[in-house]
file model-v9.tsv (TSV, C-alpha atoms and all ligand atoms)
chain	number	residue	atom	x	y	z
A	1	MET	CA	90.37	52.61	140.69
A	2	PRO	CA	91.68	55.69	138.85
A	3	ASP	CA	92.63	54.94	135.29
A	4	ALA	CA	95.26	57.45	134.12
A	5	GLN	CA	96.66	55.54	131.14
A	6	PRO	CA	93.97	53.77	129.10
A	7	THR	CA	94.76	50.09	128.81
A	8	ALA	CA	94.28	48.12	125.59
A	9	GLY	CA	91.01	46.84	127.08
A	10	THR	CA	89.58	50.29	127.86
A	11	ARG	CA	90.68	51.55	124.44
A	12	THR	CA	88.79	48.67	122.80
A	13	VAL	CA	85.71	49.44	124.87
A	14	GLN	CA	85.90	53.17	124.04
A	15	ARG	CA	86.20	52.40	120.37
A	16	LEU	CA	83.23	50.01	120.38
A	17	LEU	CA	81.09	52.52	122.30
A	18	THR	CA	82.03	55.28	119.81
A	19	LEU	CA	81.19	53.06	116.83
A	20	LEU	CA	77.81	52.16	118.33
A	21	GLU	CA	77.05	55.77	119.14
A	22	VAL	CA	77.82	56.76	115.56
A	23	SER	CA	76.10	53.84	113.83
A	24	GLY	CA	73.05	53.27	116.01
A	25	SER	CA	73.01	49.48	116.22
A	26	LEU	CA	75.31	46.81	114.81
A	27	THR	CA	75.87	43.06	114.90
A	28	ARG	CA	79.01	41.80	116.60
A	29	ALA	CA	80.46	40.89	113.19
A	30	GLU	CA	79.83	44.39	111.81
A	31	LEU	CA	81.33	45.90	114.93
A	32	ALA	CA	84.47	43.74	114.60
A	33	GLU	CA	84.86	44.72	110.96
A	34	LEU	CA	84.44	48.46	111.62
A	35	ALA	CA	86.76	48.37	114.63
A	36	GLY	CA	89.34	46.27	112.81
A	37	LEU	CA	89.48	43.91	115.78
A	38	PRO	CA	89.30	40.11	116.05
A	39	PRO	CA	85.68	38.86	116.44
A	40	THR	CA	86.57	37.07	119.69
A	41	THR	CA	87.91	40.29	121.26
A	42	VAL	CA	84.75	42.13	120.24
A	43	ALA	CA	82.46	39.34	121.49
A	44	GLY	CA	84.23	39.39	124.87
A	45	ALA	CA	84.00	43.17	125.23
A	46	VAL	CA	80.32	43.19	124.14
A	47	ALA	CA	79.48	40.49	126.70
A	48	GLU	CA	81.09	42.60	129.42
A	49	LEU	CA	79.25	45.76	128.32
A	50	LEU	CA	75.93	43.85	128.24
A	51	ARG	CA	76.57	42.64	131.82
A	52	GLU	CA	77.34	46.22	132.91
A	53	GLY	CA	74.05	47.37	131.39
A	54	LEU	CA	75.69	49.80	128.95
A	55	LEU	CA	74.46	47.89	125.90
A	56	THR	CA	71.18	46.28	124.94
A	57	GLU	CA	70.68	43.38	122.54
A	58	PHE	CA	67.76	42.68	120.22
A	59	GLU	CA	66.71	40.63	117.24
A	60	THR	CA	66.55	42.36	113.86
A	61	ALA	CA	65.11	41.54	110.45
A	62	PRO	CA	67.45	39.34	108.38
A	63	ARG	CA	69.77	41.27	106.06
A	64	PRO	CA	69.14	40.72	102.32
A	65	GLY	CA	70.54	37.44	101.01
A	66	GLN	CA	71.07	36.08	104.51
A	67	ALA	CA	70.09	32.52	105.39
A	68	GLY	CA	69.37	30.99	108.79
A	69	ARG	CA	68.79	32.72	112.10
A	70	PRO	CA	69.37	36.47	111.92
A	71	PRO	CA	72.27	37.72	114.04
A	72	ARG	CA	71.39	39.93	116.99
A	73	ASP	CA	72.16	43.65	117.04
A	74	VAL	CA	73.64	45.47	119.98
A	75	ALA	CA	73.11	49.19	120.71
A	76	LEU	CA	73.87	51.72	123.42
A	77	VAL	CA	71.36	52.02	126.25
A	78	ALA	CA	72.11	55.75	126.76
A	79	PRO	CA	70.54	58.19	124.29
A	80	PRO	CA	73.01	59.54	121.72
A	81	ARG	CA	75.03	62.64	122.61
A	82	VAL	CA	74.62	65.91	120.76
A	83	ILE	CA	76.91	68.35	118.95
A	84	ALA	CA	76.48	72.13	118.75
A	85	LEU	CA	77.45	74.21	115.74
A	86	VAL	CA	78.19	77.88	116.45
A	87	SER	CA	78.53	80.50	113.73
A	88	VAL	CA	78.46	84.28	113.40
A	89	ARG	CA	77.16	85.58	110.10
A	90	HIS	CA	75.44	88.75	108.90
A	91	GLY	CA	75.47	90.14	112.43
A	92	ALA	CA	73.75	87.14	114.01
A	93	LEU	CA	75.12	84.49	116.32
A	94	ARG	CA	73.53	81.17	115.50
A	95	ILE	CA	73.59	77.87	117.35
A	96	SER	CA	72.28	74.59	115.94
A	97	LEU	CA	72.16	71.20	117.62
A	98	ALA	CA	72.28	67.74	116.07
A	99	SER	CA	72.60	64.25	117.48
A	100	VAL	CA	75.79	62.26	116.91
A	101	GLY	CA	73.69	60.14	114.57
A	102	GLY	CA	73.10	63.22	112.37
A	103	ASP	CA	69.54	64.24	113.28
A	104	PRO	CA	69.09	68.03	113.46
A	105	LEU	CA	67.46	68.95	116.80
A	106	SER	CA	67.12	72.66	117.44
A	107	ASP	CA	68.31	76.03	116.31
A	108	ARG	CA	68.45	79.55	117.80
A	109	SER	CA	69.99	82.84	116.74
A	110	GLU	CA	70.54	86.25	118.24
A	111	VAL	CA	71.66	89.61	116.83
A	112	VAL	CA	75.16	90.52	118.02
A	113	PRO	CA	77.27	93.68	117.62
A	114	THR	CA	79.53	93.53	114.56
A	115	GLY	CA	81.83	96.07	112.92
A	116	ASP	CA	85.03	96.37	114.89
A	117	ALA	CA	83.64	94.31	117.75
A	118	ASP	CA	86.17	91.65	118.67
A	119	PRO	CA	85.17	88.05	117.87
A	120	GLY	CA	85.16	87.19	121.57
A	121	ALA	CA	82.41	89.77	122.20
A	122	MET	CA	80.31	88.34	119.39
A	123	LEU	CA	80.47	84.92	121.07
A	124	GLU	CA	79.55	86.36	124.47
A	125	PRO	CA	75.87	85.24	124.40
A	126	ALA	CA	76.81	81.77	123.06
A	127	PRO	CA	76.70	79.79	126.34
A	128	THR	CA	73.23	81.14	127.25
A	129	LEU	CA	71.95	80.51	123.73
A	130	LEU	CA	73.42	77.01	123.74
A	131	LEU	CA	71.74	76.12	127.04
A	132	ALA	CA	68.44	77.37	125.58
A	133	CYS	CA	68.93	75.13	122.53
A	134	LEU	CA	69.58	72.13	124.80
A	135	ARG	CA	66.37	72.93	126.71
A	136	ASP	CA	64.41	73.25	123.44
A	137	SER	CA	65.47	69.72	122.49
A	138	GLY	CA	64.99	68.27	125.98
A	139	VAL	CA	68.67	67.32	126.11
A	140	SER	CA	70.61	67.49	129.37
A	141	ARG	CA	73.88	69.42	129.41
A	142	GLU	CA	75.80	66.19	130.13
A	143	ARG	CA	74.84	64.87	126.70
A	144	LEU	CA	76.69	67.69	124.90
A	145	ALA	CA	79.73	65.97	123.30
A	146	ALA	CA	81.46	68.94	121.63
A	147	VAL	CA	81.02	72.45	120.27
A	148	VAL	CA	82.15	73.24	116.73
A	149	LEU	CA	82.79	76.87	115.76
A	150	SER	CA	82.36	77.52	112.06
A	151	VAL	CA	84.57	80.33	110.75
A	152	PRO	CA	84.45	82.01	107.33
A	153	HIS	CA	88.23	82.33	106.98
A	154	PRO	CA	91.04	79.77	106.89
A	155	ARG	CA	90.98	77.72	110.03
A	156	PRO	CA	92.96	79.42	112.82
A	157	GLY	CA	93.89	77.99	116.20
A	158	SER	CA	91.24	77.93	118.89
A	159	GLY	CA	91.65	81.73	119.41
A	160	PRO	CA	88.78	83.62	121.02
A	161	SER	CA	86.56	80.54	120.97
A	162	ALA	CA	88.48	78.61	123.64
A	163	PRO	CA	86.58	80.18	126.59
A	164	LEU	CA	83.28	78.98	125.10
A	165	GLY	CA	84.41	75.34	125.15
A	166	GLU	CA	85.82	75.79	128.66
A	167	ARG	CA	82.60	77.32	129.93
A	168	MET	CA	80.60	74.42	128.55
A	169	GLY	CA	83.17	71.88	129.78
A	170	VAL	CA	83.44	70.13	126.40
A	171	PRO	CA	86.00	70.04	123.57
A	172	MET	CA	85.79	73.00	121.21
A	173	LEU	CA	86.72	72.50	117.57
A	174	VAL	CA	87.20	75.31	115.05
A	175	GLU	CA	86.66	74.64	111.37
A	176	ASN	CA	86.26	76.61	108.16
A	177	ASP	CA	82.59	76.83	107.01
A	178	ALA	CA	83.14	75.43	103.49
A	179	ASN	CA	85.19	72.57	104.95
A	180	LEU	CA	82.24	71.73	107.21
A	181	GLY	CA	79.87	71.76	104.22
A	182	ALA	CA	82.24	69.43	102.35
A	183	LEU	CA	82.47	67.05	105.31
A	184	GLY	CA	78.68	67.05	105.71
A	185	GLU	CA	78.11	66.11	102.07
A	186	ALA	CA	80.96	63.55	102.24
A	187	VAL	CA	79.53	61.65	105.20
A	188	PHE	CA	75.76	62.23	104.96
A	189	GLY	CA	75.05	63.58	101.47
A	190	VAL	CA	75.80	63.26	97.78
A	191	GLY	CA	79.54	62.80	98.43
A	192	ARG	CA	79.08	59.39	100.08
A	193	GLY	CA	81.18	56.87	98.19
A	194	LEU	CA	83.05	59.55	96.21
A	195	ASP	CA	86.82	59.29	96.68
A	196	SER	CA	87.40	62.93	95.81
A	197	PHE	CA	85.29	66.00	95.21
A	198	VAL	CA	85.34	69.78	95.39
A	199	TYR	CA	82.51	71.24	97.45
A	200	VAL	CA	81.52	74.75	96.39
A	201	MET	CA	79.80	76.88	99.01
A	202	LEU	CA	77.95	79.94	97.71
A	203	GLY	CA	74.92	80.42	99.93
A	204	LYS	CA	76.47	81.71	103.14
A	205	GLY	CA	79.78	82.86	101.72
A	206	ILE	CA	82.04	81.87	98.86
A	207	GLY	CA	84.42	79.06	99.55
A	208	ALA	CA	85.36	75.53	98.66
A	209	GLY	CA	86.18	72.40	100.60
A	210	LEU	CA	88.38	69.67	99.15
A	211	VAL	CA	87.83	66.00	99.90
A	212	LEU	CA	90.77	63.95	98.63
A	213	GLY	CA	91.15	60.22	99.18
A	214	GLY	CA	88.01	60.32	101.32
A	215	ARG	CA	89.50	62.86	103.76
A	216	LEU	CA	89.16	66.60	104.12
A	217	HIS	CA	92.25	68.34	102.71
A	218	ARG	CA	93.04	71.53	104.61
A	219	GLY	CA	96.41	72.29	103.03
A	220	ALA	CA	99.78	73.03	104.61
A	221	SER	CA	98.67	76.40	105.99
A	222	GLY	CA	94.94	75.74	106.28
A	223	PHE	CA	94.21	77.84	103.19
A	224	ALA	CA	93.12	75.02	100.84
A	225	GLY	CA	89.82	75.68	99.10
A	226	GLU	CA	89.83	79.47	99.58
A	227	LEU	CA	87.97	79.87	96.29
A	228	ALA	CA	86.89	83.42	97.23
A	229	HIS	CA	90.52	84.54	96.93
A	230	VAL	CA	91.42	82.99	93.60
A	231	GLN	CA	92.33	85.81	91.21
A	232	VAL	CA	89.75	85.94	88.41
A	233	ARG	CA	90.42	89.48	87.11
A	234	GLU	CA	93.75	91.07	86.39
A	235	GLN	CA	93.26	94.34	88.23
A	236	GLU	CA	96.53	96.07	88.84
A	237	ASP	CA	94.74	99.08	90.35
A	238	GLY	CA	91.53	97.30	91.39
A	239	PRO	CA	90.24	97.45	94.94
A	240	LEU	CA	92.29	95.51	97.41
A	241	CYS	CA	90.66	92.47	98.93
A	242	PHE	CA	90.98	92.06	102.69
A	243	CYS	CA	93.16	89.02	101.98
A	244	GLY	CA	95.79	91.36	100.50
A	245	GLY	CA	95.17	90.33	96.87
A	246	ARG	CA	93.47	92.14	93.98
A	247	GLY	CA	90.84	90.79	91.54
A	248	CYS	CA	89.72	88.07	93.95
A	249	LEU	CA	86.57	86.15	93.04
A	250	ALA	CA	84.89	87.52	96.17
A	251	ARG	CA	85.48	91.09	94.92
A	252	VAL	CA	83.86	90.23	91.58
A	253	THR	CA	80.81	88.33	92.82
A	254	GLY	CA	80.42	89.71	96.35
A	255	PRO	CA	81.11	87.62	99.45
A	256	SER	CA	77.98	85.43	99.07
A	257	VAL	CA	74.99	84.83	96.81
A	258	ARG	CA	73.01	87.28	98.97
A	259	GLU	CA	75.41	90.14	98.20
A	260	PHE	CA	75.67	89.08	94.58
A	261	VAL	CA	71.88	89.37	94.21
A	262	GLU	CA	71.78	92.65	96.14
A	263	ARG	CA	74.41	94.15	93.85
A	264	ALA	CA	72.62	93.01	90.71
A	265	TYR	CA	69.17	94.21	91.71
A	266	ALA	CA	70.10	97.13	93.98
A	267	GLN	CA	66.86	98.28	95.64
A	268	ARG	CA	64.52	96.90	93.00
A	269	LEU	CA	64.10	93.35	94.22
A	270	SER	CA	64.65	91.65	97.55
A	271	VAL	CA	66.80	88.53	97.79
A	272	SER	CA	63.73	86.36	98.47
A	273	GLU	CA	61.94	87.85	95.45
A	274	VAL	CA	64.93	87.00	93.27
A	275	PHE	CA	64.92	83.40	94.55
A	276	SER	CA	61.17	83.16	93.87
A	277	LEU	CA	61.79	84.39	90.33
A	278	ALA	CA	64.50	81.73	89.91
A	279	ALA	CA	61.96	79.10	91.03
A	280	ALA	CA	59.47	80.50	88.49
A	281	ARG	CA	62.20	80.09	85.84
A	282	ASP	CA	62.38	83.83	85.11
A	283	PRO	CA	64.86	84.06	82.19
A	284	GLY	CA	66.64	87.19	83.44
A	285	VAL	CA	67.21	85.84	86.92
A	286	ARG	CA	68.31	82.45	85.62
A	287	ARG	CA	70.74	84.18	83.28
A	288	LEU	CA	72.19	86.05	86.25
A	289	PHE	CA	72.73	82.83	88.22
A	290	ALA	CA	74.22	81.10	85.16
A	291	ASP	CA	76.68	84.03	84.91
A	292	LEU	CA	77.58	83.48	88.57
A	293	GLY	CA	78.12	79.78	87.80
A	294	ARG	CA	80.43	80.59	84.89
A	295	THR	CA	82.42	83.11	86.94
A	296	VAL	CA	82.87	80.63	89.78
A	297	GLY	CA	83.36	77.81	87.27
A	298	ARG	CA	86.37	79.42	85.61
A	299	PRO	CA	88.83	78.87	88.49
A	300	LEU	CA	87.08	75.56	89.27
A	301	ALA	CA	87.91	74.36	85.75
A	302	ASP	CA	91.65	74.85	86.44
A	303	LEU	CA	91.29	73.21	89.83
A	304	CYS	CA	89.59	70.21	88.17
A	305	THR	CA	92.40	69.91	85.63
A	306	MET	CA	94.95	69.91	88.45
A	307	LEU	CA	93.13	67.59	90.87
A	308	ASP	CA	90.94	65.42	88.61
A	309	PRO	CA	88.19	65.05	91.23
A	310	ALA	CA	85.22	62.70	90.72
A	311	ALA	CA	82.78	65.56	91.18
A	312	VAL	CA	82.11	69.20	91.87
A	313	VAL	CA	79.36	69.36	94.51
A	314	LEU	CA	77.40	72.60	94.67
A	315	ASP	CA	76.05	73.95	97.95
A	316	GLY	CA	72.53	72.54	98.24
A	317	SER	CA	71.17	75.60	100.04
A	318	LEU	CA	70.70	77.61	96.83
A	319	GLY	CA	67.27	76.14	96.10
A	320	ALA	CA	65.94	76.98	92.65
A	321	ALA	CA	68.99	79.13	91.91
A	322	GLY	CA	71.18	76.00	92.12
A	323	GLU	CA	70.18	74.64	88.75
A	324	PRO	CA	71.33	77.61	86.58
A	325	VAL	CA	74.47	78.01	88.74
A	326	MET	CA	75.31	74.33	88.10
A	327	ALA	CA	74.69	74.80	84.37
A	328	GLY	CA	77.14	77.75	84.40
A	329	ILE	CA	79.77	75.74	86.28
A	330	ARG	CA	79.32	72.82	83.88
A	331	GLU	CA	79.76	75.15	80.90
A	332	ALA	CA	82.96	76.69	82.30
A	333	ILE	CA	84.44	73.26	83.09
A	334	ASP	CA	83.58	71.90	79.63
A	335	ARG	CA	85.16	74.94	78.05
A	336	HIS	CA	88.27	75.41	80.17
A	337	ALA	CA	89.22	72.12	81.85
A	338	ALA	CA	91.35	69.47	80.11
A	339	PRO	CA	88.95	67.44	77.92
A	340	ALA	CA	89.61	64.12	79.68
A	341	VAL	CA	88.85	65.73	83.05
A	342	ALA	CA	85.82	67.62	81.74
A	343	ASP	CA	84.44	64.30	80.42
A	344	SER	CA	84.79	62.50	83.72
A	345	VAL	CA	84.01	65.11	86.39
A	346	ARG	CA	80.37	65.29	87.44
A	347	VAL	CA	78.66	68.48	88.65
A	348	LEU	CA	76.23	67.49	91.39
A	349	ALA	CA	73.83	69.33	93.68
A	350	GLY	CA	74.43	68.92	97.40
A	351	GLU	CA	71.72	66.84	99.07
A	352	LEU	CA	71.76	68.44	102.51
A	353	GLY	CA	70.49	71.95	101.77
A	354	ASP	CA	70.96	74.22	104.78
A	355	ARG	CA	72.07	71.33	106.99
A	356	ALA	CA	75.42	70.62	105.29
A	357	GLU	CA	77.44	72.69	107.76
A	358	LEU	CA	75.69	71.26	110.84
A	359	LEU	CA	76.10	67.68	109.63
A	360	GLY	CA	79.71	68.51	108.77
A	361	ALA	CA	80.20	69.45	112.41
A	362	VAL	CA	78.76	66.06	113.41
A	363	ALA	CA	81.09	64.33	110.93
A	364	LEU	CA	84.09	66.26	112.29
A	365	VAL	CA	83.41	65.25	115.90
A	366	ARG	CA	82.73	61.63	114.90
A	367	GLN	CA	85.93	61.45	112.89
A	368	ARG	CA	87.91	62.84	115.80
A	369	ALA	CA	86.43	60.26	118.17
A	370	LEU	CA	87.11	57.40	115.77
A	371	ASP	CA	90.65	58.60	114.99
A	372	ALA	CA	91.54	58.81	118.67
A	373	PRO	CA	94.33	56.34	119.51
B	1	ZN	ZN	90.96	88.08	98.48

call {"tool": "encode", "arguments": {"input": "model-v9.tsv", "output": "structure tokens", "more": "lines below"}}
Ligand SMILES: [Zn+2]
result
Amino acid sequence: MPDAQPTAGTRTVQRLLTLLEVSGSLTRAELAELAGLPPTTVAGAVAELLREGLLTEFETAPRPGQAGRPPRDVALVAPPRVIALVSVRHGALRISLASVGGDPLSDRSEVVPTGDADPGAMLEPAPTLLLACLRDSGVSRERLAAVVLSVPHPRPGSGPSAPLGERMGVPMLVENDANLGALGEAVFGVGRGLDSFVYVMLGKGIGAGLVLGGRLHRGASGFAGELAHVQVREQEDGPLCFCGGRGCLARVTGPSVREFVERAYAQRLSVSEVFSLAAARDPGVRRLFADLGRTVGRPLADLCTMLDPAAVVLDGSLGAAGEPVMAGIREAIDRHAAPAVADSVRVLAGELGDRAELLGAVALVRQRALDAP
């Protein structure tokens, strides 16, 4: 029978299936609590799903402090679906896959024309590359749940990316790259349990993502967290930034750590050599990264005074360079933020390294599924 309008029953079932897909396995009591539904409703729906063969049931080890017979867990029979992250950076189109549970699966990239090429052309090879990624991970196309396009600018509408989602026959979400990093750390990394934090992306580009009240804050026009375009130098006649402003942070530091290092060392040292020197605690290189931290930390100090977040979380992809950058940020906050805020805000390293953006894409899709009415 066709089912145009979901009934309360099918909505309950959808919600339980989503929760199980996201969490792996759960007891009926845990499922009822997460779904916010009466235990009897959940027990009835689970019994039906077990009869239909969509769920499996098994005994688990008792939870700590639990007496008596352990409750039984239920889990989905079908393997978890996967999410693809698509990004274009430094002239390369990159696709990464992860399971809904947050396990990275495979990754491919391809050089694409840049310059004045239109964004649609840069995404042209994406479907082929995505199918190759699915093959690499042994995942059938039907298990692809959604594609997330990471963009370096404030989040636009679906724009040129819409055909990609259509061609793959799945929903296509577009999100700002720093927002994805923030979401990744919030759900899977160091931000778990923090009510509010500012995520600072430096590795792939300069940006920030704001998590307020446990949710990503995009702002009224989608511009929230555009750290790269905070004015840090009064430059009446300075070079114009592409955003239309002058003296933007991105003009002072370069658009990412890579460019920052390239500017500082010109032809003398490669980016990887500079990172190796940071790991070897070379004083000159560490000084350079501490300077970067202080420069980025100056506008962050004002942001901290205004927002009073629990933490500033630094992009975990910086490796050995992260430590001096964090020290520079800490110094700028201690010096320029309101003392009460400076005393309480923590400066933490992201735990997810290069995977923050990919896991952020997973978190975005999961949140959308769980928020669905
Ligand atoms: Zn700008």

call {"tool": "residues_near_ligand", "arguments": {"input": "model-v9.tsv", "ligand": "ligand ZN 1 (chain B)", "cutoff": "7 Å", "atoms": "all atoms listed in the file", "output": "NGL selection string"}}
result
:A and (228-229 or 241-246 or 248 or 250)

call {"tool": "residues_around", "arguments": {"input": "model-v9.tsv", "residues": "Pro339 in chain A", "least_positions_apart": "6", "cutoff": "12 Å", "atoms": "only C-alpha atoms", "output": "PyMOL selection string"}}
result
chain A and resi 301-302+304-305+308+332-333+345

call {"tool": "residues_around", "arguments": {"input": "model-v9.tsv", "residues": "Gly209 in chain A", "least_positions_apart": "6", "cutoff": "12 Å", "atoms": "all atoms listed in the file", "output": "PyMOL selection string"}}
result
chain A and resi 152-155+175-186+191+196-202+215-219+222-228+300+303+312-315+356-357+360

call {"tool": "atom_distance", "arguments": {"input": "model-v9.tsv", "atom1": "CA of Leu164 in chain A", "atom2": "CA of Ile206 in chain A"}}
result
26.4 Å

call {"tool": "atom_distance", "arguments": {"input": "model-v9.tsv", "atom1": "CA of Arg15 in chain A", "atom2": "CA of Cys133 in chain A"}}
result
28.6 Å

call {"tool": "build_atoms", "arguments": {"input": "model-v9.tsv", "residues": "range 296-315 of chain A", "atoms": "N, CA, C and O atoms", "output": "short mmCIF file (atom, residue, chain, number, x, y, z; two decimals), keeping the file's coordinate frame"}}
result
data_model
loop_
_atom_site.label_atom_id
_atom_site.label_comp_id
_atom_site.auth_asym_id
_atom_site.auth_seq_id
_atom_site.Cartn_x
_atom_site.Cartn_y
_atom_site.Cartn_z
N VAL A 296 82.31 81.52 88.77
CA VAL A 296 82.87 80.63 89.78
C VAL A 296 83.50 79.40 89.11
O VAL A 296 84.50 78.85 89.58
N GLY A 297 82.91 79.01 87.98
CA GLY A 297 83.36 77.81 87.27
C GLY A 297 84.73 77.96 86.63
O GLY A 297 85.45 76.98 86.46
N ARG A 298 85.09 79.22 86.30
CA ARG A 298 86.37 79.42 85.61
C ARG A 298 87.55 78.93 86.45
O ARG A 298 88.32 78.10 85.97
N PRO A 299 87.73 79.42 87.69
CA PRO A 299 88.83 78.87 88.49
C PRO A 299 88.61 77.39 88.86
O PRO A 299 89.58 76.65 89.01
N LEU A 300 87.33 76.98 88.96
CA LEU A 300 87.08 75.56 89.27
C LEU A 300 87.56 74.66 88.14
O LEU A 300 88.01 73.53 88.38
N ALA A 301 87.47 75.16 86.90
CA ALA A 301 87.91 74.36 85.75
C ALA A 301 89.41 74.05 85.88
O ALA A 301 89.84 72.91 85.67
N ASP A 302 90.20 75.06 86.26
CA ASP A 302 91.65 74.85 86.44
C ASP A 302 91.90 73.89 87.60
O ASP A 302 92.76 73.01 87.52
N LEU A 303 91.14 74.09 88.67
CA LEU A 303 91.29 73.21 89.83
C LEU A 303 91.00 71.76 89.44
O LEU A 303 91.70 70.83 89.84
N CYS A 304 89.95 71.57 88.61
CA CYS A 304 89.59 70.21 88.17
C CYS A 304 90.72 69.61 87.32
O CYS A 304 91.04 68.43 87.47
N THR A 305 91.30 70.43 86.44
CA THR A 305 92.40 69.91 85.63
C THR A 305 93.56 69.46 86.52
O THR A 305 94.18 68.43 86.29
N MET A 306 93.83 70.23 87.56
CA MET A 306 94.95 69.91 88.45
C MET A 306 94.66 68.72 89.36
O MET A 306 95.55 67.93 89.65
N LEU A 307 93.43 68.61 89.85
CA LEU A 307 93.13 67.59 90.87
C LEU A 307 92.42 66.35 90.32
O LEU A 307 92.45 65.30 90.95
N ASP A 308 91.73 66.50 89.18
CA ASP A 308 90.94 65.42 88.61
C ASP A 308 89.97 64.79 89.63
O ASP A 308 90.00 63.59 89.86
N PRO A 309 89.12 65.61 90.24
CA PRO A 309 88.19 65.05 91.23
C PRO A 309 87.05 64.28 90.54
O PRO A 309 86.79 64.51 89.35
N ALA A 310 86.36 63.43 91.29
CA ALA A 310 85.22 62.70 90.72
C ALA A 310 84.05 63.64 90.49
O ALA A 310 83.25 63.42 89.58
N ALA A 311 83.94 64.68 91.32
CA ALA A 311 82.78 65.56 91.18
C ALA A 311 83.05 66.95 91.72
O ALA A 311 83.94 67.15 92.53
N VAL A 312 82.24 67.89 91.25
CA VAL A 312 82.11 69.20 91.87
C VAL A 312 80.72 69.18 92.50
O VAL A 312 79.74 68.89 91.83
N VAL A 313 80.65 69.40 93.80
CA VAL A 313 79.36 69.36 94.51
C VAL A 313 78.98 70.78 94.88
O VAL A 313 79.71 71.47 95.60
N LEU A 314 77.83 71.22 94.39
CA LEU A 314 77.40 72.60 94.67
C LEU A 314 76.54 72.62 95.93
O LEU A 314 75.63 71.80 96.10
N ASP A 315 76.86 73.58 96.79
CA ASP A 315 76.05 73.95 97.95
C ASP A 315 74.56 73.71 97.68
O ASP A 315 73.98 74.31 96.77
#
